[in-house]
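Enquirer: I have a structure I would like to understand better, so I am pasting it below and will then ask my questions one at a time.
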Amino acid sequence: MSASQTSSSDVPTLLVKIFGKDRPGITAGLFDTLAAYSVDVVDIEQVVTRGRMVLCALVTAPPRALEGDLRATVHSWAESIKMQAEIISGLGDNRPRGLGRSLVTVLGHPLTAEATAAIAAKIAKAGGNIDRIFRLAKYPVTAVEFAVSGVETEPLRTALVTEAGRLGVDVAVVAAGLHRRAQRLVVMDVDSTLIQDEVIELFAAHAGCEDEVAGVTAAAMRGELDFEQSLHARVALLEGLDASVVDKVRSEVRLTPGARTLIRTLKRLGFQVGVVSGGFTQVTDDLKERLGLDFAQANTLEIVDGKLTGRVTGEIVDRAGKARLLRRFAAEAGVPLSQTVAIGDGANDLDMLNAAGLGVAFNAKPVVREAAHTAVNVPFLDTVLYLLGVTREEVEAADAHEED
């Protein structure tokens with residue numbers, strides 16, 4: 001039978017489903033059994049959950065005179081290995097998927113049945129059909145991916161984001177296609193994103209003005225103050241601080257849990273990774289070297305005669321500056337903006353998040369969560385990998401290979 005005949009919608013086919021306790025050899029056994037009837041394989045799907053297998057094989061039907069024998073043989077074989085079999089007659093292949101294909105990643109800590117039901121219902125209400133569901137990770141969060149067709153990505157994202165916030169889960173919706181696997185550029189904020197700290201507050205602690213600086217920082221991140229004005233005001237409070245404090249601050253910086261895993265995995269996948277920060281090059285340059293980053297840009301504290309002057313030098317990295325740097329890094333990396341990912345938490349990250357192909361609000365302020373493409377609200381930076389379709393098993397396998 002030719003390929004064109006096999007794919008025809010009026011060709012008789014059999015859906016053979018085998019289910020039961022998983023063990024080696026079941027797939028080979030089924031197709032050995034079917035091979036005696038010279039059927040062609042149209043489609044195969046296999047899933048194993050907690051040691052229980054469901055194996056589905058869509059095959060062309062044998063001549064009518066042999067179909068009864070095929071059914072009896074398959075059932076007998078399944079019974080001999082303590083499995084169950086179901087065989088359903090039909091015509092042709094799977095129905096074509098609807099136009100508009102998206103990948104919906106759901107992160108839960110935990111992922112409840114209520115949240116899963118609500119997300120699935122929203123997909124259906126938006127006109128989407130769930131074609132496949134796959135678990136990406138079971139820890140430190142549960143991450144599952146839904147392949148959805150029949151609805152365009154943007155309206156689906158709009159429908160799901162509001163529901164996600166109400167349910168306490170994180171949802172990312174991206175268009176399906178080859179571009180998801182293409183080489184990309186990831187650019188992230190530093191303070192409260194790549195690291196757990198606000199660098200200027202670490203400096204301020206040594207200058208004895210931590211509370212005053214923290215208050216201005218919080219207002220700026222909420223979008224209540226102009227970032228450049230707030231930057232100058234905070235840096236002025238550091239005037240006279242000894243430059244030796246730079247090394248102390250570098251040693252005090254705490255990476256966000258999962259940061260090293262995220263960067264290490266992205267680099268292995270061929271991504272380029274950069275940071276842009278409203279903080280200071282005195283710290284970001286050190287992070288670039290330690291973490292093997294491709295790009296890093298921040299403000300620079302002016303130091304004269306071994307003392308901080310209370311001023312910054314050079315181009316100010318503010319909200320607009322971060323988006324500008326994302327574009328610059330993308331151009332240098334040879335990556336179109338549609339293939340970039342930006343990660344940030346504050347209002348001064350908004351332009352960058354909106355300019356990127358995928359903007360991720362990481363444990364962000366409400367104004368940022370509402371504006372970004374997606375939000376992650378768990379304290380593990382490597383969960384961003386799941387939004388890119390990378391599984392926890394793939395991360396661990398790559399780490400194990402590196403150690404060998």
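Chain labels run A, B, ... following the order of the structure tokens; each chain numbers its residues from 1, and ligands are numbered from 1 in the order shown.
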With a distance cut-off of 9 Å and only C-alpha atoms, select the neighbouring residues of Leu381 in chain A, excluding the residue or stretch itself and same-chain residues fewer than 6 positions from it, and output the selection as a list in words.
Expert: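 My list of contacting residues is Thr193, Leu194, Thr256, Pro257, Gly258, Ala259, Arg260, Thr261, Leu262 and Phe362 of chain A.
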Enquirer: For Val317 in chain A, work out the shell of residues within 12 Å, counting only C-alpha atoms and skipping chain neighbours fewer than 2 positions away, then give it as a ChimeraX atom specification.
Expert: /A:189,227-228,231-232,275-281,296-300,312-315,319-326,348-349,352
Enquirer: For Ala355 in chain A, which of A:Arg328, A:Arg97, A:His206, A:Arg369 is the closest residue, counting only C-alpha atoms?
Expert: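 With only C-alpha atoms as the atom set, the closest residue is A:Arg328.
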Enquirer: How close does range 70-114 of chain A get to range 389-403 of chain A? List, as a Markdown table, each residue of range 70-114 of chain A within 12 Å, its nearest atom pair and the distance in Å to one decimal, counting only C-alpha atoms.
Expert:
```
| residue | atom | partner | partner_atom | distance |
| --- | --- | --- | --- | --- |
| A:Leu103 | CA | A:Gly389 | CA | 8.9 |
| A:Val104 | CA | A:Gly389 | CA | 9.9 |
| A:Thr105 | CA | A:Gly389 | CA | 8.2 |
| A:Val106 | CA | A:Gly389 | CA | 11.3 |
```
Enquirer: Go ahead and write the residues just picked, C-alpha atoms, as a compact mmCIF listing (two decimals), in the first residue's frame.
Expert:
```
# COMPACT_ATOMS: atom_id res chain seq x y z
CA LEU A 103 2.59 25.27 23.72
CA VAL A 104 1.15 26.01 27.15
CA THR A 105 3.52 25.40 30.06
CA VAL A 106 1.96 25.25 33.53
```
Enquirer: To one decimal place in Å, what is the distance between CA of Glu370 in chain A and CA of Asp197 in chain A?
Expert: 23.2 Å
Enquirer: Any idea what the distance is between CA of Leu350 in chain A and CA of Ala120 in chain A?
Expert: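 Calculated distance between CA of Leu350 in chain A and CA of Ala120 in chain A is 29.1 Å.
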Enquirer: Among the residues of range 143-314 of chain A, find those DSSP assigns to helix (DSSP H, G or I) from the backbone and print them as a ChimeraX atom specification.
Expert: /A:153-167,178-181,199-207,210-221,227-236,245-252,259-268,281-291
Enquirer: Using only C-alpha atoms, I'd like a table of the residues in range 203-225 of chain A that come within 10 Å of range 236-240 of chain A; for each, show the closest atom pair and its distance in Å rounded to one decimal, ordered by chain and ascending number, as a tab-separated table.
Expert:
```
residue	atom	partner	partner_atom	distance
A:Phe203	CA	A:Leu238	CA	7.4
A:Ala204	CA	A:Leu238	CA	6.6
A:Ala205	CA	A:Leu238	CA	9.8
A:His206	CA	A:Leu238	CA	8.8
A:Ala207	CA	A:Leu238	CA	6.1
A:Gly208	CA	A:Leu238	CA	9.1
A:Cys209	CA	A:Leu237	CA	7.2
A:Glu210	CA	A:Leu237	CA	9.6
A:Glu212	CA	A:Leu237	CA	9.0
A:Val213	CA	A:Leu237	CA	8.0
```
Enquirer: Just the residues within 9 Å of Val173 in chain A, please, counting only C-alpha atoms, with nothing from its chain fewer than 5 positions along; format it as a list in words.
Expert: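 Near Val173 in chain A, the qualifying residues are Ser102, Leu103, Val104, Thr105, Val106, Thr153, Glu154, Leu156, Arg157, Leu160, Val161, His373, Thr374 and Leu387 of chain A.
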Enquirer: Under the rule that only C-alpha atoms are counted, which of A:Phe271, A:Phe31, A:Phe295, A:Phe329 is the nearest residue to Trp77 in chain A?
Expert: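 Distance minimum relative to Trp77 in chain A lands on A:Phe31.
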Enquirer: Looking at only C-alpha atoms, which of A:Ile123, A:Ile44, A:Ala115, A:Ile130 is the one that sits closest to Pro155 in chain A?
Expert: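 Smallest distance to Pro155 in chain A is found for A:Ile123.
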Enquirer: Counting only C-alpha atoms, figure out which residue out of A:Gln229, A:Ser149, A:Ser38, A:Gln84 gets nearest to Gly100 in chain A.
Expert: A:Ser149
Enquirer: Name the residues in contact with range 248-254 of chain A at a cut-off of 8 Å, using only C-alpha atoms, excluding same-chain residues fewer than 3 positions from it; report them as a VMD selection string.
Expert: chain A and resid 195 to 197 199 202 to 203 244 to 245 283 286
Enquirer: As a VMD selection string, please: every residue in range 187-361 of chain A that DSSP puts in strand (DSSP E or B).
Expert: chain A and resid 187 to 188 191 195 242 255 272 to 280 295 to 304 307 to 313 340 to 344 358 to 361
Enquirer: Please provide as a list in words all residues within 12 Å of Val141 in chain A, with the sequence filter that same-chain residues fewer than 6 positions apart are discarded (counting only C-alpha atoms).
Expert: Val106, Leu107, Gly108, His109, Pro110, Leu111, Thr112, Arg135, Val169, Asp170, Val376, Asn377, Val378, Pro379, Phe380, Leu381, Asp382, Thr383, Val384, Leu385, Tyr386, Thr391 and Arg392 of chain A
Enquirer: With only C-alpha atoms as the atoms that count, which of A:Glu163, A:Asn94, A:Gln339, A:Leu55 lies nearest to Leu388 in chain A?
Expert: A:Gln339
Enquirer: Which residues, written as a list in words, have at least one atom at most 6 Å from Met188 in chain A, with only C-alpha atoms counted and residues fewer than 4 positions away on the same chain left out?
Expert: Val275, Ala342, Ile343 and Gly344 of chain A
Enquirer: Could you write out that same residue set with N, CA, C and O atoms as a PDB file, in the first residue's frame?
Expert:
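What landed in selection-v5.pdb:
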```pdb
ATOM      1  N   VAL A 275      23.493  39.827  30.802  1.00  0.00           N
ATOM      2  CA  VAL A 275      22.792  40.531  31.869  1.00  0.00           C
ATOM      3  C   VAL A 275      22.826  42.016  31.587  1.00  0.00           C
ATOM      4  O   VAL A 275      23.793  42.547  31.032  1.00  0.00           O
ATOM      5  N   ALA A 342      13.800  37.567  27.683  1.00  0.00           N
ATOM      6  CA  ALA A 342      14.218  38.532  28.700  1.00  0.00           C
ATOM      7  C   ALA A 342      13.570  38.161  30.023  1.00  0.00           C
ATOM      8  O   ALA A 342      12.403  37.760  30.064  1.00  0.00           O
ATOM      9  N   ILE A 343      14.330  38.305  31.112  1.00  0.00           N
ATOM     10  CA  ILE A 343      13.847  37.940  32.442  1.00  0.00           C
ATOM     11  C   ILE A 343      14.110  39.113  33.382  1.00  0.00           C
ATOM     12  O   ILE A 343      15.231  39.630  33.430  1.00  0.00           O
ATOM     13  N   GLY A 344      13.087  39.527  34.117  1.00  0.00           N
ATOM     14  CA  GLY A 344      13.280  40.629  35.053  1.00  0.00           C
ATOM     15  C   GLY A 344      12.161  40.702  36.065  1.00  0.00           C
ATOM     16  O   GLY A 344      11.151  40.003  35.949  1.00  0.00           O
TER      17      GLY A 344
END
```
Enquirer: Measuring atom to atom with only C-alpha atoms, identify which of A:Leu337, A:Ala36, A:Ser192, A:Arg234 is nearest to Leu66 in chain A.
Expert: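 Of all the options, A:Ala36 lies closest to Leu66 in chain A.
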